[in-house]
Amino acid sequence: GAVVSQHPSRVICKSGTSVKIECRSLDFQATTMFWYRQFPKQSLMLMATSNEGSKATYEQGVEKDKFLINHASLTLSTLTVTSAHPEDSSFYICSARAYRGDSQDTQYFGPGTRLTVL
Amino acid sequence: KQEVTQIPAALSVPEGENLVLNCSFTDSAIYNLQWFRQDPGKGLTSLLLIQSSQREQTSGRLNASLDKSSGRSTLYIAASQPGDSATYLCAVRQVGGSNYKLTFGKGTLLTVNP
């Protein structure tokens with residue numbers, strides 16, 4: 001199956017700093033990538049949809065100036081958490097859409113990044 | 001707005017037991033429904049995907065059913081093993097739209113005891 005990687009897997013930073021998380025589709029091209037966050041014992045919540053070469057679409061309540069998304073190529077999307085605060089501590093998961101026709105339209109998920117803001 | 005609910009939130013069973021996990025959704029206008037497995041601190045592994053026109057899908061010891069009209073899906077795990085211990089998530093994709101948004105439930109934490 002298709003593989004999606006995330007880097008780093010874990011990051012600890014001080015409050016006020018910025019953190020960049022990378023999401024890569026390793027063996028397929030993804031015109032669309034998605035960013036989710038997950039709090040303990042909660043479901044995955046979609047933050048934004050990222051389309052290659054265009055601006056990301058953010059879900060209601062997600063601050064676009066705080067969570068900067070760049071999808072510069074068909075295999076790479078980045079999420080930058082700017083001026084991180086302790087409440088941004090969470091598990092961030094990306095996914096990449098592999099579309100090969102309506103019967104093969106699948107989203108593959110990365111392993112996630114654990115962000116801890118001190 | 002679509003809402004996905006999973007019951008129970010946690011389940012503990014002895015090894016070898018058959019079990020059923022439940023998922024319900026409020027808006028039946030779905031494109032498909034997917035079951036995932038998530039190990040602690042890890043990403044998601046897709047288990048089964050059921051298209052809206054299908055009633056069930058099977059993979060090994062796993063069987064997922066879908067009753068779209070009633071907004072329900074079940075994941076049946078036969079002869080459970082300790083290695084099945086994980087959180088199981090259900091997600092639905094809505095009809096329409098071009099961006100393939102998924103709405104997830106909170107998951108069921110399954111523990112299979114040796």
# chains A, B, ... in the order shown; residues from 1 in each chain; ligands from 1

call {"tool": "interface_residues", "arguments": {"of": "chain B", "to": "chain A", "cutoff": "12 Å", "atoms": "only C-alpha atoms", "output": "mmCIF file with all heavy atoms, in the first residue's frame"}}
result
data_model
loop_
_atom_site.group_PDB
_atom_site.id
_atom_site.type_symbol
_atom_site.label_atom_id
_atom_site.label_comp_id
_atom_site.auth_asym_id
_atom_site.auth_seq_id
_atom_site.Cartn_x
_atom_site.Cartn_y
_atom_site.Cartn_z
ATOM 1 N N GLU B 3 -22.373 13.750 12.489
ATOM 2 C CA GLU B 3 -21.807 13.329 13.770
ATOM 3 C C GLU B 3 -21.679 11.811 13.766
ATOM 4 O O GLU B 3 -22.608 11.106 13.358
ATOM 5 C CB GLU B 3 -22.675 13.786 14.937
ATOM 6 C CG GLU B 3 -22.697 15.299 15.113
ATOM 7 C CD GLU B 3 -23.500 15.735 16.327
ATOM 8 O OE1 GLU B 3 -23.998 14.863 17.059
ATOM 9 O OE2 GLU B 3 -23.636 16.943 16.533
ATOM 10 N N VAL B 4 -20.542 11.347 14.226
ATOM 11 C CA VAL B 4 -20.266 9.914 14.268
ATOM 12 C C VAL B 4 -20.059 9.501 15.721
ATOM 13 O O VAL B 4 -19.253 10.115 16.432
ATOM 14 C CB VAL B 4 -19.019 9.578 13.429
ATOM 15 C CG1 VAL B 4 -18.723 8.080 13.499
ATOM 16 C CG2 VAL B 4 -19.220 10.009 11.983
ATOM 17 N N THR B 5 -20.769 8.475 16.120
ATOM 18 C CA THR B 5 -20.709 8.002 17.506
ATOM 19 C C THR B 5 -20.296 6.541 17.520
ATOM 20 O O THR B 5 -20.806 5.744 16.722
ATOM 21 C CB THR B 5 -22.083 8.132 18.182
ATOM 22 O OG1 THR B 5 -22.510 9.499 18.126
ATOM 23 C CG2 THR B 5 -22.005 7.701 19.648
ATOM 24 N N GLN B 6 -19.394 6.218 18.426
ATOM 25 C CA GLN B 6 -18.954 4.833 18.544
ATOM 26 C C GLN B 6 -19.240 4.312 19.945
ATOM 27 O O GLN B 6 -18.942 4.974 20.944
ATOM 28 C CB GLN B 6 -17.457 4.716 18.235
ATOM 29 C CG GLN B 6 -17.142 4.961 16.767
ATOM 30 C CD GLN B 6 -15.702 4.675 16.426
ATOM 31 O OE1 GLN B 6 -14.952 5.570 16.069
ATOM 32 N NE2 GLN B 6 -15.321 3.406 16.538
ATOM 33 N N ALA B 9 -17.177 2.894 24.310
ATOM 34 C CA ALA B 9 -15.948 3.675 24.278
ATOM 35 C C ALA B 9 -14.745 2.799 24.586
ATOM 36 O O ALA B 9 -13.642 3.044 24.095
ATOM 37 C CB ALA B 9 -16.026 4.831 25.285
ATOM 38 N N ALA B 10 -14.967 1.767 25.396
ATOM 39 C CA ALA B 10 -13.892 0.838 25.731
ATOM 40 C C ALA B 10 -14.489 -0.543 25.921
ATOM 41 O O ALA B 10 -15.635 -0.691 26.336
ATOM 42 C CB ALA B 10 -13.157 1.278 26.997
ATOM 43 N N TYR B 31 -20.788 8.739 1.215
ATOM 44 C CA TYR B 31 -20.167 8.156 0.032
ATOM 45 C C TYR B 31 -19.594 6.782 0.380
ATOM 46 O O TYR B 31 -19.705 5.825 -0.369
ATOM 47 C CB TYR B 31 -19.074 9.096 -0.473
ATOM 48 C CG TYR B 31 -18.478 8.718 -1.796
ATOM 49 C CD1 TYR B 31 -19.133 9.034 -2.982
ATOM 50 C CD2 TYR B 31 -17.254 8.069 -1.864
ATOM 51 C CE1 TYR B 31 -18.585 8.705 -4.209
ATOM 52 C CE2 TYR B 31 -16.704 7.733 -3.089
ATOM 53 C CZ TYR B 31 -17.367 8.059 -4.243
ATOM 54 O OH TYR B 31 -16.827 7.710 -5.454
ATOM 55 N N ASN B 32 -18.944 6.726 1.535
ATOM 56 C CA ASN B 32 -18.436 5.462 2.045
ATOM 57 C C ASN B 32 -18.158 5.570 3.537
ATOM 58 O O ASN B 32 -18.247 6.655 4.122
ATOM 59 C CB ASN B 32 -17.173 5.001 1.302
ATOM 60 C CG ASN B 32 -16.030 5.995 1.377
ATOM 61 O OD1 ASN B 32 -15.795 6.605 2.410
ATOM 62 N ND2 ASN B 32 -15.306 6.151 0.283
ATOM 63 N N LEU B 33 -17.863 4.436 4.133
ATOM 64 C CA LEU B 33 -17.538 4.372 5.555
ATOM 65 C C LEU B 33 -16.287 3.526 5.696
ATOM 66 O O LEU B 33 -16.126 2.517 5.009
ATOM 67 C CB LEU B 33 -18.691 3.770 6.351
ATOM 68 C CG LEU B 33 -18.503 3.644 7.874
ATOM 69 C CD1 LEU B 33 -19.840 3.886 8.584
ATOM 70 C CD2 LEU B 33 -17.904 2.319 8.271
ATOM 71 N N GLN B 34 -15.421 3.928 6.597
ATOM 72 C CA GLN B 34 -14.140 3.253 6.728
ATOM 73 C C GLN B 34 -13.859 2.957 8.194
ATOM 74 O O GLN B 34 -14.154 3.774 9.074
ATOM 75 C CB GLN B 34 -13.038 4.161 6.149
ATOM 76 C CG GLN B 34 -11.771 3.470 5.753
ATOM 77 C CD GLN B 34 -10.927 4.334 4.817
ATOM 78 O OE1 GLN B 34 -11.305 5.448 4.456
ATOM 79 N NE2 GLN B 34 -9.772 3.822 4.421
ATOM 80 N N PHE B 36 -10.779 2.078 10.863
ATOM 81 C CA PHE B 36 -9.338 2.192 11.035
ATOM 82 C C PHE B 36 -8.938 1.579 12.370
ATOM 83 O O PHE B 36 -9.715 1.507 13.303
ATOM 84 C CB PHE B 36 -8.890 3.664 11.057
ATOM 85 C CG PHE B 36 -9.091 4.408 9.777
ATOM 86 C CD1 PHE B 36 -10.292 5.050 9.525
ATOM 87 C CD2 PHE B 36 -8.079 4.484 8.839
ATOM 88 C CE1 PHE B 36 -10.477 5.767 8.342
ATOM 89 C CE2 PHE B 36 -8.247 5.199 7.659
ATOM 90 C CZ PHE B 36 -9.457 5.834 7.412
ATOM 91 N N ARG B 37 -7.673 1.240 12.423
ATOM 92 C CA ARG B 37 -7.061 0.829 13.681
ATOM 93 C C ARG B 37 -5.983 1.837 14.020
ATOM 94 O O ARG B 37 -5.214 2.272 13.136
ATOM 95 C CB ARG B 37 -6.458 -0.565 13.513
ATOM 96 C CG ARG B 37 -5.560 -0.984 14.654
ATOM 97 C CD ARG B 37 -4.921 -2.317 14.414
ATOM 98 N NE ARG B 37 -3.956 -2.580 15.478
ATOM 99 C CZ ARG B 37 -3.782 -3.760 16.040
ATOM 100 N NH1 ARG B 37 -4.500 -4.797 15.627
ATOM 101 N NH2 ARG B 37 -2.897 -3.917 16.991
ATOM 102 N N GLN B 38 -5.902 2.197 15.307
ATOM 103 C CA GLN B 38 -4.852 3.111 15.765
ATOM 104 C C GLN B 38 -4.198 2.527 17.007
ATOM 105 O O GLN B 38 -4.853 2.332 18.030
ATOM 106 C CB GLN B 38 -5.412 4.510 16.056
ATOM 107 C CG GLN B 38 -4.324 5.515 16.431
ATOM 108 C CD GLN B 38 -4.866 6.919 16.660
ATOM 109 O OE1 GLN B 38 -5.992 7.097 17.094
ATOM 110 N NE2 GLN B 38 -4.052 7.924 16.360
ATOM 111 N N ASP B 39 -2.903 2.261 16.908
ATOM 112 C CA ASP B 39 -2.149 1.825 18.076
ATOM 113 C C ASP B 39 -1.693 3.056 18.852
ATOM 114 O O ASP B 39 -1.577 4.147 18.283
ATOM 115 C CB ASP B 39 -0.964 0.971 17.635
ATOM 116 C CG ASP B 39 -1.421 -0.359 17.060
ATOM 117 O OD1 ASP B 39 -1.933 -1.171 17.851
ATOM 118 O OD2 ASP B 39 -1.321 -0.565 15.843
ATOM 119 N N PRO B 40 -1.418 2.906 20.150
ATOM 120 C CA PRO B 40 -1.069 4.070 20.990
ATOM 121 C C PRO B 40 0.059 4.901 20.405
ATOM 122 O O PRO B 40 1.123 4.371 20.079
ATOM 123 C CB PRO B 40 -0.674 3.416 22.316
ATOM 124 C CG PRO B 40 -1.422 2.137 22.356
ATOM 125 C CD PRO B 40 -1.455 1.652 20.937
ATOM 126 N N GLY B 41 -0.170 6.192 20.263
ATOM 127 C CA GLY B 41 0.855 7.102 19.774
ATOM 128 C C GLY B 41 1.214 6.916 18.319
ATOM 129 O O GLY B 41 2.251 7.423 17.863
ATOM 130 N N LYS B 42 0.366 6.226 17.579
ATOM 131 C CA LYS B 42 0.665 5.940 16.174
ATOM 132 C C LYS B 42 -0.397 6.532 15.261
ATOM 133 O O LYS B 42 -1.436 7.018 15.702
ATOM 134 C CB LYS B 42 0.736 4.429 15.944
ATOM 135 C CG LYS B 42 1.740 3.714 16.819
ATOM 136 C CD LYS B 42 3.160 4.108 16.493
ATOM 137 C CE LYS B 42 4.159 3.314 17.312
ATOM 138 N NZ LYS B 42 5.564 3.725 17.033
ATOM 139 N N GLY B 43 -0.141 6.424 13.968
ATOM 140 C CA GLY B 43 -1.115 6.874 12.986
ATOM 141 C C GLY B 43 -2.202 5.839 12.768
ATOM 142 O O GLY B 43 -2.365 4.910 13.549
ATOM 143 N N LEU B 44 -2.933 6.013 11.677
ATOM 144 C CA LEU B 44 -4.090 5.155 11.401
ATOM 145 C C LEU B 44 -3.768 4.119 10.333
ATOM 146 O O LEU B 44 -3.104 4.425 9.342
ATOM 147 C CB LEU B 44 -5.264 6.004 10.918
ATOM 148 C CG LEU B 44 -6.153 6.646 11.968
ATOM 149 C CD1 LEU B 44 -5.391 7.632 12.805
ATOM 150 C CD2 LEU B 44 -7.352 7.304 11.324
ATOM 151 N N THR B 45 -4.285 2.933 10.548
ATOM 152 C CA THR B 45 -4.184 1.870 9.552
ATOM 153 C C THR B 45 -5.590 1.545 9.080
ATOM 154 O O THR B 45 -6.459 1.225 9.902
ATOM 155 C CB THR B 45 -3.537 0.612 10.155
ATOM 156 O OG1 THR B 45 -2.223 0.940 10.615
ATOM 157 C CG2 THR B 45 -3.454 -0.490 9.109
ATOM 158 N N SER B 46 -5.818 1.628 7.783
ATOM 159 C CA SER B 46 -7.133 1.324 7.253
ATOM 160 C C SER B 46 -7.386 -0.178 7.304
ATOM 161 O O SER B 46 -6.539 -0.978 6.904
ATOM 162 C CB SER B 46 -7.250 1.821 5.811
ATOM 163 O OG SER B 46 -8.520 1.506 5.278
ATOM 164 N N LEU B 47 -8.552 -0.554 7.803
ATOM 165 C CA LEU B 47 -8.912 -1.965 7.907
ATOM 166 C C LEU B 47 -9.877 -2.372 6.803
ATOM 167 O O LEU B 47 -9.641 -3.331 6.079
ATOM 168 C CB LEU B 47 -9.554 -2.242 9.274
ATOM 169 C CG LEU B 47 -8.675 -1.988 10.491
ATOM 170 C CD1 LEU B 47 -9.496 -2.156 11.762
ATOM 171 C CD2 LEU B 47 -7.480 -2.926 10.503
ATOM 172 N N LEU B 48 -10.976 -1.645 6.726
ATOM 173 C CA LEU B 48 -12.005 -1.975 5.746
ATOM 174 C C LEU B 48 -12.681 -0.695 5.281
ATOM 175 O O LEU B 48 -12.891 0.218 6.077
ATOM 176 C CB LEU B 48 -13.060 -2.905 6.357
ATOM 177 C CG LEU B 48 -12.619 -4.336 6.669
ATOM 178 C CD1 LEU B 48 -13.626 -5.020 7.579
ATOM 179 C CD2 LEU B 48 -12.443 -5.124 5.393
ATOM 180 N N LEU B 49 -13.017 -0.656 4.014
ATOM 181 C CA LEU B 49 -13.766 0.463 3.455
ATOM 182 C C LEU B 49 -15.008 -0.089 2.788
ATOM 183 O O LEU B 49 -14.913 -1.028 1.976
ATOM 184 C CB LEU B 49 -12.916 1.239 2.440
ATOM 185 C CG LEU B 49 -13.531 2.507 1.835
ATOM 186 C CD1 LEU B 49 -12.440 3.519 1.512
ATOM 187 C CD2 LEU B 49 -14.341 2.203 0.596
ATOM 188 N N ILE B 50 -16.161 0.450 3.143
ATOM 189 C CA ILE B 50 -17.426 0.006 2.560
ATOM 190 C C ILE B 50 -18.021 1.148 1.752
ATOM 191 O O ILE B 50 -18.274 2.235 2.294
ATOM 192 C CB ILE B 50 -18.436 -0.415 3.646
ATOM 193 C CG1 ILE B 50 -17.804 -1.370 4.645
ATOM 194 C CG2 ILE B 50 -19.655 -1.063 3.002
ATOM 195 C CD1 ILE B 50 -18.747 -1.735 5.782
ATOM 196 N N GLN B 51 -18.244 0.932 0.485
ATOM 197 C CA GLN B 51 -18.910 1.943 -0.341
ATOM 198 C C GLN B 51 -20.385 1.996 0.054
ATOM 199 O O GLN B 51 -20.937 1.028 0.586
ATOM 200 C CB GLN B 51 -18.765 1.601 -1.821
ATOM 201 C CG GLN B 51 -17.324 1.491 -2.314
ATOM 202 C CD GLN B 51 -16.599 2.819 -2.328
ATOM 203 O OE1 GLN B 51 -17.189 3.882 -2.137
ATOM 204 N NE2 GLN B 51 -15.291 2.764 -2.550
ATOM 205 N N SER B 52 -21.024 3.110 -0.226
ATOM 206 C CA SER B 52 -22.420 3.296 0.189
ATOM 207 C C SER B 52 -23.359 2.261 -0.447
ATOM 208 O O SER B 52 -24.410 1.942 0.103
ATOM 209 C CB SER B 52 -22.906 4.697 -0.160
ATOM 210 O OG SER B 52 -22.857 4.890 -1.560
ATOM 211 N N SER B 53 -22.952 1.713 -1.578
ATOM 212 C CA SER B 53 -23.794 0.726 -2.265
ATOM 213 C C SER B 53 -23.574 -0.695 -1.743
ATOM 214 O O SER B 53 -24.292 -1.618 -2.127
ATOM 215 C CB SER B 53 -23.495 0.757 -3.760
ATOM 216 O OG SER B 53 -22.127 0.468 -3.990
ATOM 217 N N THR B 87 -7.121 1.002 19.410
ATOM 218 C CA THR B 87 -8.326 1.812 19.280
ATOM 219 C C THR B 87 -8.835 1.676 17.859
ATOM 220 O O THR B 87 -8.069 1.783 16.899
ATOM 221 C CB THR B 87 -8.047 3.288 19.601
ATOM 222 O OG1 THR B 87 -7.639 3.402 20.968
ATOM 223 C CG2 THR B 87 -9.295 4.134 19.390
ATOM 224 N N TYR B 88 -10.126 1.428 17.736
ATOM 225 C CA TYR B 88 -10.755 1.260 16.429
ATOM 226 C C TYR B 88 -11.620 2.484 16.136
ATOM 227 O O TYR B 88 -12.498 2.837 16.923
ATOM 228 C CB TYR B 88 -11.576 -0.027 16.392
ATOM 229 C CG TYR B 88 -10.687 -1.248 16.419
ATOM 230 C CD1 TYR B 88 -10.159 -1.713 17.622
ATOM 231 C CD2 TYR B 88 -10.338 -1.903 15.245
ATOM 232 C CE1 TYR B 88 -9.306 -2.803 17.650
ATOM 233 C CE2 TYR B 88 -9.484 -3.001 15.263
ATOM 234 C CZ TYR B 88 -8.964 -3.435 16.474
ATOM 235 O OH TYR B 88 -8.109 -4.515 16.501
ATOM 236 N N LEU B 89 -11.339 3.103 15.012
ATOM 237 C CA LEU B 89 -12.029 4.335 14.626
ATOM 238 C C LEU B 89 -12.901 4.087 13.403
ATOM 239 O O LEU B 89 -12.509 3.370 12.476
ATOM 240 C CB LEU B 89 -11.021 5.431 14.311
ATOM 241 C CG LEU B 89 -10.142 5.909 15.476
ATOM 242 C CD1 LEU B 89 -8.971 6.710 14.958
ATOM 243 C CD2 LEU B 89 -10.951 6.741 16.439
ATOM 244 N N CYS B 90 -14.034 4.720 13.411
ATOM 245 C CA CYS B 90 -14.960 4.674 12.288
ATOM 246 C C CYS B 90 -14.991 6.080 11.677
ATOM 247 O O CYS B 90 -14.976 7.070 12.420
ATOM 248 C CB CYS B 90 -16.330 4.263 12.823
ATOM 249 S SG CYS B 90 -17.726 4.579 11.767
ATOM 250 N N ALA B 91 -15.019 6.167 10.354
ATOM 251 C CA ALA B 91 -15.054 7.473 9.693
ATOM 252 C C ALA B 91 -15.958 7.396 8.475
ATOM 253 O O ALA B 91 -15.989 6.382 7.779
ATOM 254 C CB ALA B 91 -13.650 7.904 9.272
ATOM 255 N N VAL B 92 -16.693 8.482 8.218
ATOM 256 C CA VAL B 92 -17.573 8.525 7.051
ATOM 257 C C VAL B 92 -17.166 9.672 6.142
ATOM 258 O O VAL B 92 -16.683 10.713 6.593
ATOM 259 C CB VAL B 92 -19.054 8.679 7.453
ATOM 260 C CG1 VAL B 92 -19.508 7.484 8.264
ATOM 261 C CG2 VAL B 92 -19.307 9.966 8.192
ATOM 262 N N ARG B 93 -17.370 9.443 4.863
ATOM 263 C CA ARG B 93 -17.145 10.483 3.859
ATOM 264 C C ARG B 93 -18.504 10.899 3.318
ATOM 265 O O ARG B 93 -19.303 10.042 2.924
ATOM 266 C CB ARG B 93 -16.267 9.968 2.734
ATOM 267 C CG ARG B 93 -16.064 10.982 1.606
ATOM 268 C CD ARG B 93 -15.328 10.382 0.438
ATOM 269 N NE ARG B 93 -15.245 11.347 -0.670
ATOM 270 C CZ ARG B 93 -14.810 11.046 -1.875
ATOM 271 N NH1 ARG B 93 -14.377 9.835 -2.142
ATOM 272 N NH2 ARG B 93 -14.762 11.971 -2.814
ATOM 273 N N SER B 98 -15.464 17.998 -3.256
ATOM 274 C CA SER B 98 -14.370 17.438 -4.023
ATOM 275 C C SER B 98 -13.141 17.164 -3.180
ATOM 276 O O SER B 98 -12.125 16.719 -3.682
ATOM 277 C CB SER B 98 -13.989 18.408 -5.141
ATOM 278 O OG SER B 98 -13.609 19.661 -4.590
ATOM 279 N N ASN B 99 -13.250 17.389 -1.886
ATOM 280 C CA ASN B 99 -12.054 17.294 -1.079
ATOM 281 C C ASN B 99 -11.993 16.097 -0.146
ATOM 282 O O ASN B 99 -11.090 16.005 0.654
ATOM 283 C CB ASN B 99 -11.861 18.578 -0.265
ATOM 284 C CG ASN B 99 -11.266 19.681 -1.118
ATOM 285 O OD1 ASN B 99 -10.504 19.412 -2.035
ATOM 286 N ND2 ASN B 99 -11.622 20.902 -0.812
ATOM 287 N N TYR B 100 -12.921 15.229 -0.244
ATOM 288 C CA TYR B 100 -12.816 13.956 0.464
ATOM 289 C C TYR B 100 -12.678 14.151 1.968
ATOM 290 O O TYR B 100 -11.795 13.594 2.592
ATOM 291 C CB TYR B 100 -11.592 13.186 -0.065
ATOM 292 C CG TYR B 100 -11.580 11.721 0.272
ATOM 293 C CD1 TYR B 100 -12.055 10.791 -0.604
ATOM 294 C CD2 TYR B 100 -11.066 11.261 1.481
ATOM 295 C CE1 TYR B 100 -12.030 9.440 -0.313
ATOM 296 C CE2 TYR B 100 -11.038 9.918 1.790
ATOM 297 C CZ TYR B 100 -11.513 9.012 0.876
ATOM 298 O OH TYR B 100 -11.489 7.689 1.160
ATOM 299 N N LYS B 101 -13.548 14.920 2.579
ATOM 300 C CA LYS B 101 -13.494 15.112 4.021
ATOM 301 C C LYS B 101 -14.029 13.890 4.733
ATOM 302 O O LYS B 101 -15.041 13.318 4.345
ATOM 303 C CB LYS B 101 -14.327 16.336 4.423
ATOM 304 C CG LYS B 101 -13.764 17.649 3.947
ATOM 305 C CD LYS B 101 -14.617 18.791 4.467
ATOM 306 C CE LYS B 101 -14.070 20.121 3.972
ATOM 307 N NZ LYS B 101 -14.884 21.255 4.476
ATOM 308 N N LEU B 102 -13.342 13.510 5.793
ATOM 309 C CA LEU B 102 -13.769 12.405 6.637
ATOM 310 C C LEU B 102 -14.195 12.930 7.998
ATOM 311 O O LEU B 102 -13.545 13.811 8.560
ATOM 312 C CB LEU B 102 -12.633 11.397 6.828
ATOM 313 C CG LEU B 102 -12.113 10.675 5.586
ATOM 314 C CD1 LEU B 102 -10.980 9.730 5.965
ATOM 315 C CD2 LEU B 102 -13.233 9.916 4.905
ATOM 316 N N THR B 103 -15.270 12.373 8.525
ATOM 317 C CA THR B 103 -15.700 12.681 9.886
ATOM 318 C C THR B 103 -15.502 11.435 10.726
ATOM 319 O O THR B 103 -16.036 10.370 10.399
ATOM 320 C CB THR B 103 -17.178 13.102 9.916
ATOM 321 O OG1 THR B 103 -17.374 14.221 9.066
ATOM 322 C CG2 THR B 103 -17.587 13.476 11.346
ATOM 323 N N PHE B 104 -14.759 11.584 11.801
ATOM 324 C CA PHE B 104 -14.385 10.455 12.636
ATOM 325 C C PHE B 104 -15.218 10.371 13.906
ATOM 326 O O PHE B 104 -15.651 11.388 14.457
ATOM 327 C CB PHE B 104 -12.913 10.575 13.059
ATOM 328 C CG PHE B 104 -11.933 10.235 11.994
ATOM 329 C CD1 PHE B 104 -11.551 11.187 11.058
ATOM 330 C CD2 PHE B 104 -11.387 8.971 11.913
ATOM 331 C CE1 PHE B 104 -10.633 10.881 10.073
ATOM 332 C CE2 PHE B 104 -10.458 8.653 10.933
ATOM 333 C CZ PHE B 104 -10.092 9.613 10.008
ATOM 334 N N GLY B 105 -15.389 9.141 14.400
ATOM 335 C CA GLY B 105 -15.891 8.945 15.737
ATOM 336 C C GLY B 105 -14.737 9.006 16.726
ATOM 337 O O GLY B 105 -13.575 9.132 16.329
ATOM 338 N N LYS B 106 -15.051 8.919 18.024
ATOM 339 C CA LYS B 106 -14.008 8.999 19.044
ATOM 340 C C LYS B 106 -13.268 7.682 19.228
ATOM 341 O O LYS B 106 -12.231 7.636 19.882
ATOM 342 C CB LYS B 106 -14.599 9.437 20.381
ATOM 343 C CG LYS B 106 -15.089 10.869 20.392
ATOM 344 C CD LYS B 106 -15.572 11.257 21.781
ATOM 345 C CE LYS B 106 -16.032 12.703 21.788
ATOM 346 N NZ LYS B 106 -16.492 13.114 23.144
ATOM 347 N N GLY B 107 -13.821 6.620 18.679
ATOM 348 C CA GLY B 107 -13.127 5.352 18.742
ATOM 349 C C GLY B 107 -13.573 4.452 19.880
ATOM 350 O O GLY B 107 -14.195 4.899 20.854
ATOM 351 N N THR B 108 -13.270 3.192 19.720
ATOM 352 C CA THR B 108 -13.466 2.193 20.783
ATOM 353 C C THR B 108 -12.114 1.615 21.131
ATOM 354 O O THR B 108 -11.407 1.104 20.254
ATOM 355 C CB THR B 108 -14.406 1.063 20.322
ATOM 356 O OG1 THR B 108 -15.716 1.576 20.105
ATOM 357 C CG2 THR B 108 -14.462 -0.047 21.370
ATOM 358 N N LEU B 109 -11.742 1.714 22.400
ATOM 359 C CA LEU B 109 -10.468 1.153 22.878
ATOM 360 C C LEU B 109 -10.684 -0.309 23.231
ATOM 361 O O LEU B 109 -11.410 -0.624 24.175
ATOM 362 C CB LEU B 109 -9.975 1.924 24.094
ATOM 363 C CG LEU B 109 -8.713 1.379 24.762
ATOM 364 C CD1 LEU B 109 -7.545 1.379 23.785
ATOM 365 C CD2 LEU B 109 -8.366 2.198 26.007
#

call {"tool": "residues_around", "arguments": {"residues": "stretch 75-82 of chain B", "least_positions_apart": "6", "cutoff": "8 Å", "atoms": "only C-alpha atoms", "output": "PyMOL selection string"}}
result
chain B and resi 14-22+35+61-65+111-114

call {"tool": "closest_residue", "arguments": {"among": "A:Ala30, A:Leu115, A:Val3, A:Lys20", "to": "A:Leu76", "atoms": "only C-alpha atoms"}}
result
A:Ala30

call {"tool": "atom_distance", "arguments": {"atom1": "atom CA of B:Ala29", "atom2": "atom CA of A:Gln60"}}
result
21.5 Å

call {"tool": "atom_distance", "arguments": {"atom1": "atom CA of B:Ile30", "atom2": "atom CA of A:Leu79"}}
result
28.8 Å

call {"tool": "atom_distance", "arguments": {"atom1": "atom CA of B:Gly71", "atom2": "atom CA of A:Arg37"}}
result
25.4 Å

call {"tool": "select_by_dssp", "arguments": {"residues": "chain B", "states": "strand (DSSP E or B)", "output": "PyMOL selection string"}}
result
chain B and resi 4-7+10-14+19-25+30-38+44-51+56-59+62-67+72-77+86-94+102-104+108-113

call {"tool": "decode", "arguments": {"residues": "stretch 75-87 of chain B", "atoms": "N, CA and C atoms", "output": "PDB file, in the first residue's frame"}}
result
ATOM      1  N   LEU B  75     -18.406  -3.486  13.212  1.00  0.00           N
ATOM      2  CA  LEU B  75     -17.164  -4.187  12.910  1.00  0.00           C
ATOM      3  C   LEU B  75     -17.137  -5.432  13.778  1.00  0.00           C
ATOM      4  N   TYR B  76     -17.121  -6.560  13.131  1.00  0.00           N
ATOM      5  CA  TYR B  76     -17.110  -7.845  13.822  1.00  0.00           C
ATOM      6  C   TYR B  76     -15.692  -8.396  13.768  1.00  0.00           C
ATOM      7  N   ILE B  77     -15.171  -8.754  14.936  1.00  0.00           N
ATOM      8  CA  ILE B  77     -13.851  -9.361  15.018  1.00  0.00           C
ATOM      9  C   ILE B  77     -14.010 -10.770  15.563  1.00  0.00           C
ATOM     10  N   ALA B  78     -13.609 -11.737  14.780  1.00  0.00           N
ATOM     11  CA  ALA B  78     -13.737 -13.131  15.190  1.00  0.00           C
ATOM     12  C   ALA B  78     -12.462 -13.602  15.881  1.00  0.00           C
ATOM     13  N   ALA B  79     -12.650 -14.478  16.842  1.00  0.00           N
ATOM     14  CA  ALA B  79     -11.519 -15.123  17.524  1.00  0.00           C
ATOM     15  C   ALA B  79     -10.449 -14.114  17.892  1.00  0.00           C
ATOM     16  N   SER B  80     -10.799 -13.182  18.737  1.00  0.00           N
ATOM     17  CA  SER B  80      -9.905 -12.064  19.062  1.00  0.00           C
ATOM     18  C   SER B  80      -8.577 -12.542  19.653  1.00  0.00           C
ATOM     19  N   GLN B  81      -7.538 -11.751  19.383  1.00  0.00           N
ATOM     20  CA  GLN B  81      -6.183 -12.049  19.834  1.00  0.00           C
ATOM     21  C   GLN B  81      -5.615 -10.838  20.573  1.00  0.00           C
ATOM     22  N   PRO B  82      -4.649 -11.042  21.456  1.00  0.00           N
ATOM     23  CA  PRO B  82      -4.040  -9.890  22.152  1.00  0.00           C
ATOM     24  C   PRO B  82      -3.510  -8.835  21.188  1.00  0.00           C
ATOM     25  N   GLY B  83      -3.035  -9.264  20.034  1.00  0.00           N
ATOM     26  CA  GLY B  83      -2.532  -8.325  19.034  1.00  0.00           C
ATOM     27  C   GLY B  83      -3.611  -7.446  18.424  1.00  0.00           C
ATOM     28  N   ASP B  84      -4.859  -7.763  18.682  1.00  0.00           N
ATOM     29  CA  ASP B  84      -5.958  -6.926  18.199  1.00  0.00           C
ATOM     30  C   ASP B  84      -6.180  -5.723  19.106  1.00  0.00           C
ATOM     31  N   SER B  85      -5.521  -5.701  20.236  1.00  0.00           N
ATOM     32  CA  SER B  85      -5.681  -4.589  21.182  1.00  0.00           C
ATOM     33  C   SER B  85      -5.234  -3.282  20.527  1.00  0.00           C
ATOM     34  N   ALA B  86      -6.139  -2.323  20.475  1.00  0.00           N
ATOM     35  CA  ALA B  86      -5.888  -1.038  19.812  1.00  0.00           C
ATOM     36  C   ALA B  86      -7.167  -0.219  19.923  1.00  0.00           C
ATOM     37  N   THR B  87      -7.121   1.002  19.410  1.00  0.00           N
ATOM     38  CA  THR B  87      -8.326   1.812  19.280  1.00  0.00           C
ATOM     39  C   THR B  87      -8.835   1.676  17.859  1.00  0.00           C
TER      40      THR B  87
END
